[in-house]
Amino acid sequence: MSRDAPALAMVAGESSGDLLGALLLRALRSRWPGLTARGIGGPRLQAEGFDAWWPSDKLAVRGYVEVLRHYREIVGIRRALGDRLLAERPDLFIGVDAPDFNLALETRLRVAGVRTVHFISPSIWAWRAGRIEAIRAAVDHMLCVFPFEPALYAQAGIAATYVGHPLADVIPLEADRAGARRALGLDPGDVVVALLPGSRRAEIDHLAELFLRAAGLMLQARPGLRLVLPVAPGLRSAIEAALARSGLAPSRLALLDGRSHEALAACDAVLVASGTATLEAALFRKPMVIAYRMNAISWEITRRQKLQPWVGLPNILLRDFAVPELLQRDATPEALARETLRWLDDPAAAARLADRFGGLHRELRRDTATTAARVIAEVLDGSSA
């Protein structure tokens, strides 16, 4: 390894991993300007000079049945990537989230002598606790984004460091609501609901029409309501098809190309798919309703492996049903509309929730990228294992 220019490999799954990987790579480049990085990543990583051999959306699959449909392609990519990395021998491999893909790849690389770091601990505290053994075989060092996680790894003899959550650094402690509204063409007095049905095609298939039907019911109750829906890259046609099926007039909804943070800064309440976006909404201190639907078989397997009562990250971190969770059959248009409107009708409850989310934001704000880069430097130097 050149001390000034380490060669790294990275796999970042889907759009959230692409964002987290890009933030990390930027911090690493500030430490090592000559650093090279390659593997699987999306447009944000590529904007940081990452050499993407495959796009990250190839891994944007959730649910057991959904994974089975793409199994041969995903396994083929992992095998080909592993072969190429073993031929090139990077100084370090960093798996960003995507544990079902990355842990097996990390194990193969580590057995062959390539050091491995995993960024974003799998949710072993929420479900699939037995995965800790696979992590022990795969990972030299785990970078944890929640403060309670390192103790769990210490009990298993796995090196781990709490680095805070990068989104807590990116999202300001006080968002510019007025500026976001101006940018989106919204008036200061508008009542705005943001719809975030997910960033994966499977999520759009299960949730987009549901969210749009709920939006139609909200408009019946509040005709002046403004609706915004940030569209993840490559999903506009699927969203437009769901909109046509929903019966909601296109003129009543603003479809945004990305711009989810502007939508969250501008809105008064959020209807959101379970996942990273729920944490983003919490960091913007927004009242929300969390929803999720998946294939029935995938849901039954997932439900049986749950280790705690909450699914949404804000509720898990606050250890409370601070916001409603409507999952699978409970996620009906009527229930989603009712619970979202409840936040609009109770500004005092929304304000109390915003205070709790503000405390959570401060706890997670740790200059994550710089802290993670320091740990990665120690792994490269051999002083951390």
# chains A, B, ... in the order shown; residues from 1 in each chain; ligands from 1
call {"tool": "residues_around", "arguments": {"residues": "region 288-291 of chain A", "least_positions_apart": "3", "cutoff": "6 Å", "atoms": "only C-alpha atoms", "output": "PDB file with N, CA and C atoms, in the first residue's frame"}}
result
ATOM      1  N   ALA A 269     -45.982  17.133   7.526  1.00  0.00           N
ATOM      2  CA  ALA A 269     -46.093  15.740   7.962  1.00  0.00           C
ATOM      3  C   ALA A 269     -45.636  14.856   6.811  1.00  0.00           C
ATOM      4  N   VAL A 270     -45.289  13.609   7.154  1.00  0.00           N
ATOM      5  CA  VAL A 270     -44.695  12.692   6.174  1.00  0.00           C
ATOM      6  C   VAL A 270     -45.393  11.343   6.261  1.00  0.00           C
ATOM      7  N   LEU A 271     -45.718  10.798   5.110  1.00  0.00           N
ATOM      8  CA  LEU A 271     -46.125   9.405   4.989  1.00  0.00           C
ATOM      9  C   LEU A 271     -44.960   8.689   4.323  1.00  0.00           C
ATOM     10  N   VAL A 272     -44.345   7.715   5.019  1.00  0.00           N
ATOM     11  CA  VAL A 272     -43.024   7.247   4.618  1.00  0.00           C
ATOM     12  C   VAL A 272     -42.906   5.738   4.739  1.00  0.00           C
ATOM     13  N   ALA A 273     -42.197   5.140   3.790  1.00  0.00           N
ATOM     14  CA  ALA A 273     -41.890   3.709   3.842  1.00  0.00           C
ATOM     15  C   ALA A 273     -40.839   3.451   4.912  1.00  0.00           C
ATOM     16  N   SER A 274     -40.982   2.344   5.621  1.00  0.00           N
ATOM     17  CA  SER A 274     -39.995   1.967   6.625  1.00  0.00           C
ATOM     18  C   SER A 274     -38.621   1.835   5.987  1.00  0.00           C
ATOM     19  N   PRO A 324     -46.864   6.340  14.473  1.00  0.00           N
ATOM     20  CA  PRO A 324     -47.599   5.122  14.096  1.00  0.00           C
ATOM     21  C   PRO A 324     -46.837   4.285  13.082  1.00  0.00           C
ATOM     22  N   GLU A 325     -46.960   2.971  13.223  1.00  0.00           N
ATOM     23  CA  GLU A 325     -46.443   2.019  12.252  1.00  0.00           C
ATOM     24  C   GLU A 325     -47.613   1.192  11.722  1.00  0.00           C
ATOM     25  N   LEU A 326     -47.861   1.279  10.448  1.00  0.00           N
ATOM     26  CA  LEU A 326     -48.946   0.533   9.810  1.00  0.00           C
ATOM     27  C   LEU A 326     -48.328  -0.404   8.780  1.00  0.00           C
ATOM     28  N   LEU A 327     -48.354  -1.686   9.084  1.00  0.00           N
ATOM     29  CA  LEU A 327     -47.603  -2.664   8.307  1.00  0.00           C
ATOM     30  C   LEU A 327     -48.535  -3.702   7.699  1.00  0.00           C
TER      31      LEU A 327
END
call {"tool": "select_by_dssp", "arguments": {"residues": "region 20-207 of chain A", "states": "strand (DSSP E)", "output": "ChimeraX atom specification"}}
result
/A:36-41,51-55,92-96,116-119,141-144,160-162,192-196
call {"tool": "write_last_selection", "arguments": {"atoms": "N, CA and C atoms", "output": "compact mmCIF listing (two decimals), in the first residue's frame"}}
result
# COMPACT_ATOMS: atom_id res chain seq x y z
N THR A 36 -7.67 5.57 -4.38
CA THR A 36 -8.54 5.05 -5.45
C THR A 36 -9.58 4.13 -4.82
N ALA A 37 -10.77 4.11 -5.42
CA ALA A 37 -11.85 3.27 -4.90
C ALA A 37 -12.68 2.76 -6.07
N ARG A 38 -13.05 1.48 -5.99
CA ARG A 38 -13.81 0.87 -7.07
C ARG A 38 -14.70 -0.22 -6.50
N GLY A 39 -15.66 -0.69 -7.31
CA GLY A 39 -16.55 -1.75 -6.89
C GLY A 39 -17.97 -1.52 -7.38
N ILE A 40 -18.93 -1.49 -6.45
CA ILE A 40 -20.33 -1.28 -6.78
C ILE A 40 -20.82 -0.01 -6.10
N GLY A 41 -21.35 0.93 -6.88
CA GLY A 41 -21.81 2.20 -6.32
C GLY A 41 -22.73 2.90 -7.29
N ASP A 51 -14.99 4.39 -9.07
CA ASP A 51 -15.05 3.61 -10.31
C ASP A 51 -16.07 2.49 -10.10
N ALA A 52 -17.30 2.70 -10.62
CA ALA A 52 -18.39 1.74 -10.41
C ALA A 52 -18.35 0.68 -11.49
N TRP A 53 -18.00 -0.55 -11.12
CA TRP A 53 -18.01 -1.65 -12.06
C TRP A 53 -19.43 -2.14 -12.31
N TRP A 54 -20.28 -2.03 -11.30
CA TRP A 54 -21.70 -2.29 -11.43
C TRP A 54 -22.45 -1.18 -10.68
N PRO A 55 -23.66 -0.82 -11.11
CA PRO A 55 -24.43 0.21 -10.39
C PRO A 55 -25.05 -0.36 -9.12
N LEU A 92 -7.96 -2.52 1.29
CA LEU A 92 -9.07 -2.65 2.25
C LEU A 92 -10.36 -2.73 1.45
N PHE A 93 -11.28 -3.57 1.94
CA PHE A 93 -12.63 -3.61 1.39
C PHE A 93 -13.59 -3.01 2.41
N ILE A 94 -14.49 -2.13 1.95
CA ILE A 94 -15.51 -1.53 2.81
C ILE A 94 -16.88 -1.92 2.28
N GLY A 95 -17.61 -2.67 3.06
CA GLY A 95 -18.98 -2.99 2.71
C GLY A 95 -19.91 -1.96 3.33
N VAL A 96 -20.68 -1.27 2.50
CA VAL A 96 -21.60 -0.25 3.00
C VAL A 96 -23.00 -0.83 2.98
N THR A 116 -11.11 -6.13 5.99
CA THR A 116 -12.50 -5.74 5.69
C THR A 116 -13.06 -4.87 6.81
N VAL A 117 -13.81 -3.87 6.40
CA VAL A 117 -14.57 -3.01 7.32
C VAL A 117 -16.01 -2.99 6.83
N HIS A 118 -16.94 -3.06 7.75
CA HIS A 118 -18.36 -2.94 7.38
C HIS A 118 -18.93 -1.67 7.99
N PHE A 119 -19.55 -0.86 7.15
CA PHE A 119 -20.08 0.45 7.56
C PHE A 119 -21.61 0.36 7.58
N HIS A 141 -13.48 -4.97 11.29
CA HIS A 141 -13.94 -3.88 12.16
C HIS A 141 -15.32 -3.42 11.68
N MET A 142 -16.23 -3.28 12.63
CA MET A 142 -17.59 -2.81 12.34
C MET A 142 -17.71 -1.35 12.73
N LEU A 143 -18.22 -0.53 11.81
CA LEU A 143 -18.50 0.87 12.09
C LEU A 143 -19.99 1.00 12.40
N CYS A 144 -20.31 1.40 13.60
CA CYS A 144 -21.69 1.42 14.09
C CYS A 144 -22.24 2.84 14.06
N ALA A 160 -15.49 -3.00 17.14
CA ALA A 160 -16.53 -2.11 16.63
C ALA A 160 -16.37 -0.74 17.25
N THR A 161 -16.75 0.29 16.50
CA THR A 161 -16.66 1.67 16.96
C THR A 161 -17.93 2.41 16.60
N TYR A 162 -18.47 3.17 17.55
CA TYR A 162 -19.61 4.04 17.27
C TYR A 162 -19.09 5.31 16.60
N VAL A 192 -48.54 21.08 3.97
CA VAL A 192 -47.84 20.21 3.01
C VAL A 192 -47.60 18.83 3.62
N VAL A 193 -47.93 17.81 2.85
CA VAL A 193 -47.62 16.43 3.22
C VAL A 193 -46.65 15.86 2.18
N ALA A 194 -45.56 15.28 2.65
CA ALA A 194 -44.60 14.61 1.77
C ALA A 194 -44.89 13.12 1.75
N LEU A 195 -44.90 12.54 0.57
CA LEU A 195 -45.09 11.11 0.38
C LEU A 195 -43.76 10.50 -0.03
N LEU A 196 -43.26 9.54 0.76
CA LEU A 196 -41.99 8.88 0.45
C LEU A 196 -42.22 7.38 0.42
call {"tool": "residues_around", "arguments": {"residues": "Ile376 (chain A)", "least_positions_apart": "3", "cutoff": "9 Å", "atoms": "only C-alpha atoms", "output": "mmCIF file with C-alpha atoms, in the first residue's frame"}}
result
data_model
loop_
_atom_site.group_PDB
_atom_site.id
_atom_site.type_symbol
_atom_site.label_atom_id
_atom_site.label_comp_id
_atom_site.auth_asym_id
_atom_site.auth_seq_id
_atom_site.Cartn_x
_atom_site.Cartn_y
_atom_site.Cartn_z
ATOM 1 C CA LEU A 28 -11.204 9.459 3.084
ATOM 2 C CA LEU A 92 -9.067 -2.646 2.245
ATOM 3 C CA VAL A 117 -14.572 -3.011 7.318
ATOM 4 C CA HIS A 141 -13.939 -3.878 12.156
ATOM 5 C CA THR A 371 -14.482 9.539 12.669
ATOM 6 C CA ALA A 372 -14.951 6.567 10.362
ATOM 7 C CA ALA A 373 -11.956 7.645 8.257
ATOM 8 C CA VAL A 379 -7.250 -0.657 10.338
ATOM 9 C CA LEU A 380 -4.957 0.049 7.395
ATOM 10 C CA ASP A 381 -2.061 0.678 9.785
ATOM 11 C CA SER A 384 -7.148 -1.662 14.973
#
call {"tool": "closest_residue", "arguments": {"among": "A:Met294, A:Leu152, A:Ala183, A:Ala134", "to": "Arg329 (chain A)", "atoms": "only C-alpha atoms"}}
result
A:Met294
call {"tool": "select_by_dssp", "arguments": {"residues": "region 121-366 of chain A", "states": "alpha helix (DSSP H)", "output": "JSON, numbers by chain"}}
result
{"A": [132, 133, 134, 135, 136, 137, 138, 149, 150, 151, 152, 153, 154, 155, 166, 167, 168, 169, 170, 177, 178, 179, 180, 181, 182, 183, 184, 201, 202, 203, 204, 205, 206, 207, 208, 209, 210, 211, 212, 213, 214, 215, 216, 217, 218, 219, 220, 221, 236, 237, 238, 239, 240, 241, 242, 243, 244, 245, 246, 260, 261, 262, 263, 264, 265, 266, 276, 277, 278, 279, 280, 281, 282, 283, 296, 297, 298, 299, 300, 301, 302, 303, 304, 313, 314, 315, 316, 317, 318, 333, 334, 335, 336, 337, 338, 339, 340, 341, 342, 343, 344, 345, 347, 348, 349, 350, 351, 352, 353, 354, 355, 356, 357, 358, 359, 360, 361, 362, 363, 364]}
call {"tool": "write_last_selection", "arguments": {"atoms": "C-alpha atoms", "output": "compact mmCIF listing (two decimals), in the first residue's frame"}}
result
# COMPACT_ATOMS: atom_id res chain seq x y z
CA ILE A 132 -23.45 -12.28 14.50
CA GLU A 133 -21.50 -15.46 13.65
CA ALA A 134 -21.40 -14.53 9.97
CA ILE A 135 -20.21 -11.06 10.95
CA ARG A 136 -17.44 -12.52 13.11
CA ALA A 137 -16.12 -14.44 10.10
CA ALA A 138 -16.50 -11.54 7.67
CA GLU A 149 -24.33 -1.26 19.02
CA PRO A 150 -20.60 -1.53 19.97
CA ALA A 151 -21.45 -3.23 23.28
CA LEU A 152 -23.28 -5.99 21.39
CA TYR A 153 -20.20 -6.60 19.26
CA ALA A 154 -17.85 -6.47 22.23
CA GLN A 155 -19.80 -9.34 23.81
CA PRO A 166 -23.74 10.43 8.73
CA LEU A 167 -27.23 11.74 8.03
CA ALA A 168 -27.14 13.56 11.36
CA ASP A 169 -24.16 15.53 10.06
CA VAL A 170 -25.66 16.21 6.63
CA ARG A 177 -38.20 25.43 6.03
CA ALA A 178 -38.93 28.75 4.33
CA GLY A 179 -36.08 28.33 1.85
CA ALA A 180 -37.17 24.79 0.99
CA ARG A 181 -40.71 26.00 0.37
CA ARG A 182 -39.50 28.74 -1.93
CA ALA A 183 -37.37 26.26 -3.85
CA LEU A 184 -40.36 23.94 -4.31
CA ARG A 201 -38.78 -0.79 -7.40
CA ALA A 202 -40.34 -3.46 -5.14
CA GLU A 203 -41.29 -0.78 -2.61
CA ILE A 204 -42.89 1.33 -5.32
CA ASP A 205 -44.82 -1.70 -6.54
CA HIS A 206 -46.20 -2.36 -3.06
CA LEU A 207 -46.56 1.15 -1.66
CA ALA A 208 -46.86 3.89 -4.28
CA GLU A 209 -50.49 3.35 -5.26
CA LEU A 210 -51.38 2.80 -1.61
CA PHE A 211 -49.80 6.12 -0.61
CA LEU A 212 -51.47 7.94 -3.50
CA ARG A 213 -54.89 6.57 -2.60
CA ALA A 214 -54.30 7.71 0.98
CA ALA A 215 -53.34 11.12 -0.39
CA GLY A 216 -56.64 11.27 -2.27
CA LEU A 217 -58.52 10.64 0.96
CA MET A 218 -56.51 13.35 2.71
CA LEU A 219 -57.43 15.79 -0.06
CA GLN A 220 -61.11 14.98 0.41
CA ALA A 221 -60.77 15.97 4.07
CA ARG A 236 -40.54 8.00 -12.35
CA SER A 237 -42.38 5.76 -14.83
CA ALA A 238 -43.40 3.38 -12.04
CA ILE A 239 -44.64 6.29 -9.92
CA GLU A 240 -46.57 7.75 -12.86
CA ALA A 241 -48.19 4.36 -13.51
CA ALA A 242 -49.22 4.11 -9.85
CA LEU A 243 -50.59 7.64 -10.02
CA ALA A 244 -52.74 6.72 -13.02
CA ARG A 245 -54.12 3.68 -11.20
CA SER A 246 -54.80 5.59 -8.00
CA SER A 260 -36.18 14.44 -0.72
CA HIS A 261 -34.41 16.64 1.81
CA GLU A 262 -36.07 19.76 0.43
CA ALA A 263 -39.42 17.98 0.63
CA LEU A 264 -38.77 16.96 4.23
CA ALA A 265 -37.63 20.44 5.20
CA ALA A 266 -40.72 22.00 3.61
CA THR A 276 -33.56 5.01 6.18
CA ALA A 277 -36.05 7.68 5.08
CA THR A 278 -37.80 7.39 8.45
CA LEU A 279 -34.59 8.46 10.17
CA GLU A 280 -34.20 11.33 7.71
CA ALA A 281 -37.73 12.48 8.52
CA ALA A 282 -36.94 12.30 12.24
CA LEU A 283 -33.77 14.36 11.78
CA ALA A 296 -46.83 -12.13 1.96
CA ILE A 297 -44.26 -14.93 2.30
CA SER A 298 -41.40 -12.46 2.86
CA TRP A 299 -43.50 -10.69 5.48
CA GLU A 300 -44.28 -13.88 7.38
CA ILE A 301 -40.60 -14.87 7.52
CA THR A 302 -39.55 -11.37 8.59
CA ARG A 303 -42.30 -11.10 11.20
CA ARG A 304 -41.22 -14.33 12.89
CA LEU A 313 -35.87 3.50 13.15
CA PRO A 314 -37.25 6.54 15.08
CA ASN A 315 -39.31 4.24 17.28
CA ILE A 316 -36.43 1.80 17.77
CA LEU A 317 -34.08 4.59 18.82
CA LEU A 318 -36.64 6.20 21.13
CA PRO A 333 -55.43 3.96 2.47
CA GLU A 334 -58.01 4.86 5.10
CA ALA A 335 -55.67 4.15 8.04
CA LEU A 336 -52.73 5.96 6.45
CA ALA A 337 -54.83 9.02 5.69
CA ARG A 338 -56.40 9.07 9.15
CA GLU A 339 -53.09 8.81 11.03
CA THR A 340 -51.35 11.39 8.85
CA LEU A 341 -54.19 13.89 9.29
CA ARG A 342 -54.09 13.27 13.04
CA TRP A 343 -50.65 14.94 13.13
CA LEU A 344 -51.97 17.94 11.20
CA ASP A 345 -54.86 18.27 13.62
CA PRO A 347 -49.80 20.68 16.42
CA ALA A 348 -48.98 20.37 20.14
CA ALA A 349 -48.26 16.64 19.74
CA ALA A 350 -46.18 17.38 16.66
CA ALA A 351 -44.16 19.96 18.61
CA ARG A 352 -43.49 17.51 21.45
CA LEU A 353 -42.33 14.92 18.94
CA ALA A 354 -40.05 17.50 17.27
CA ASP A 355 -38.35 18.10 20.63
CA ARG A 356 -37.68 14.37 21.04
CA PHE A 357 -36.32 14.15 17.52
CA GLY A 358 -34.06 17.13 18.20
CA GLY A 359 -32.46 15.28 21.10
CA LEU A 360 -31.99 12.23 18.92
CA HIS A 361 -30.33 14.36 16.24
CA ARG A 362 -27.80 15.77 18.69
CA GLU A 363 -26.98 12.29 20.00
CA LEU A 364 -26.29 10.93 16.50
call {"tool": "atom_distance", "arguments": {"atom1": "CA of Trp125 (chain A)", "atom2": "CA of Val11 (chain A)"}}
result
23.0 Å
call {"tool": "residues_around", "arguments": {"residues": "Ala22 (chain A)", "least_positions_apart": "6", "cutoff": "7 Å", "atoms": "only C-alpha atoms", "output": "CSV table (one decimal) with C-alpha atoms, in the first residue's frame"}}
result
chain,number,residue,atom,x,y,z
A,44,ARG,CA,-23.3,9.9,-5.6
A,45,LEU,CA,-20.2,7.7,-5.2
A,48,GLU,CA,-16.7,11.5,-5.7
call {"tool": "atom_distance", "arguments": {"atom1": "CA of Pro43 (chain A)", "atom2": "CA of Leu8 (chain A)"}}
result
17.8 Å
call {"tool": "atom_distance", "arguments": {"atom1": "CA of Lys286 (chain A)", "atom2": "CA of Leu173 (chain A)"}}
result
12.5 Å
call {"tool": "closest_residue", "arguments": {"among": "A:Trp310, A:Asp320, A:Val163, A:Ser15", "to": "Val375 (chain A)", "atoms": "only C-alpha atoms"}}
result
A:Val163
call {"tool": "closest_residue", "arguments": {"among": "A:Pro99, A:Gly275, A:Pro287, A:Pro250", "to": "Arg200 (chain A)", "atoms": "only C-alpha atoms"}}
result
A:Gly275
call {"tool": "decode", "arguments": {"residues": "region 352-382 of chain A", "atoms": "N, CA and C atoms", "output": "tab-separated table (two decimals), in the first residue's frame"}}
result
chain	number	residue	atom	x	y	z
A	352	ARG	N	-44.16	18.36	20.45
A	352	ARG	CA	-43.49	17.51	21.45
A	352	ARG	C	-42.62	16.46	20.76
A	353	LEU	N	-43.11	15.90	19.68
A	353	LEU	CA	-42.33	14.92	18.94
A	353	LEU	C	-41.07	15.57	18.35
A	354	ALA	N	-41.20	16.79	17.84
A	354	ALA	CA	-40.05	17.50	17.27
A	354	ALA	C	-38.96	17.69	18.32
A	355	ASP	N	-39.34	17.97	19.56
A	355	ASP	CA	-38.35	18.10	20.63
A	355	ASP	C	-37.61	16.79	20.86
A	356	ARG	N	-38.33	15.67	20.85
A	356	ARG	CA	-37.68	14.37	21.04
A	356	ARG	C	-36.74	14.06	19.88
A	357	PHE	N	-37.17	14.39	18.68
A	357	PHE	CA	-36.32	14.15	17.52
A	357	PHE	C	-35.09	15.05	17.54
A	358	GLY	N	-35.22	16.26	18.08
A	358	GLY	CA	-34.06	17.13	18.20
A	358	GLY	C	-33.00	16.54	19.10
A	359	GLY	N	-33.41	15.95	20.22
A	359	GLY	CA	-32.46	15.28	21.10
A	359	GLY	C	-31.79	14.10	20.43
A	360	LEU	N	-32.55	13.35	19.66
A	360	LEU	CA	-31.99	12.23	18.92
A	360	LEU	C	-30.96	12.70	17.90
A	361	HIS	N	-31.25	13.80	17.24
A	361	HIS	CA	-30.33	14.36	16.24
A	361	HIS	C	-28.99	14.71	16.89
A	362	ARG	N	-29.04	15.37	18.02
A	362	ARG	CA	-27.80	15.77	18.69
A	362	ARG	C	-26.99	14.55	19.13
A	363	GLU	N	-27.68	13.49	19.55
A	363	GLU	CA	-26.98	12.29	20.00
A	363	GLU	C	-26.27	11.59	18.84
A	364	LEU	N	-26.86	11.64	17.65
A	364	LEU	CA	-26.29	10.93	16.50
A	364	LEU	C	-25.28	11.76	15.73
A	365	ARG	N	-25.14	13.03	16.06
A	365	ARG	CA	-24.26	13.94	15.31
A	365	ARG	C	-22.84	13.83	15.85
A	366	ARG	N	-21.96	13.14	15.12
A	366	ARG	CA	-20.61	12.84	15.63
A	366	ARG	C	-19.52	13.05	14.57
A	367	ASP	N	-19.77	13.85	13.53
A	367	ASP	CA	-18.83	13.98	12.42
A	367	ASP	C	-18.43	12.59	11.94
A	368	THR	N	-19.44	11.86	11.50
A	368	THR	CA	-19.30	10.44	11.21
A	368	THR	C	-18.21	10.13	10.19
A	369	ALA	N	-18.22	10.84	9.08
A	369	ALA	CA	-17.27	10.51	8.02
A	369	ALA	C	-15.83	10.65	8.49
A	370	THR	N	-15.52	11.72	9.22
A	370	THR	CA	-14.16	11.93	9.72
A	370	THR	C	-13.79	10.87	10.75
A	371	THR	N	-14.73	10.56	11.65
A	371	THR	CA	-14.48	9.54	12.67
A	371	THR	C	-14.26	8.18	12.03
A	372	ALA	N	-15.10	7.84	11.05
A	372	ALA	CA	-14.95	6.57	10.36
A	372	ALA	C	-13.63	6.50	9.60
A	373	ALA	N	-13.23	7.62	8.98
A	373	ALA	CA	-11.96	7.65	8.26
A	373	ALA	C	-10.79	7.40	9.21
A	374	ARG	N	-10.88	7.94	10.42
A	374	ARG	CA	-9.81	7.71	11.41
A	374	ARG	C	-9.72	6.22	11.75
A	375	VAL	N	-10.87	5.58	11.98
A	375	VAL	CA	-10.86	4.15	12.29
A	375	VAL	C	-10.31	3.34	11.12
A	376	ILE	N	-10.72	3.71	9.91
A	376	ILE	CA	-10.23	3.00	8.72
A	376	ILE	C	-8.71	3.16	8.59
A	377	ALA	N	-8.19	4.34	8.92
A	377	ALA	CA	-6.74	4.54	8.90
A	377	ALA	C	-6.05	3.61	9.89
A	378	GLU	N	-6.66	3.43	11.05
A	378	GLU	CA	-6.08	2.53	12.06
A	378	GLU	C	-6.12	1.09	11.59
A	379	VAL	N	-7.19	0.70	10.88
A	379	VAL	CA	-7.25	-0.66	10.34
A	379	VAL	C	-6.16	-0.85	9.28
A	380	LEU	N	-5.99	0.14	8.43
A	380	LEU	CA	-4.96	0.05	7.39
A	380	LEU	C	-3.55	-0.02	8.00
A	381	ASP	N	-3.37	0.69	9.11
A	381	ASP	CA	-2.06	0.68	9.79
A	381	ASP	C	-1.86	-0.57	10.63
A	382	GLY	N	-2.93	-1.34	10.84
A	382	GLY	CA	-2.83	-2.54	11.65
A	382	GLY	C	-2.97	-2.30	13.13
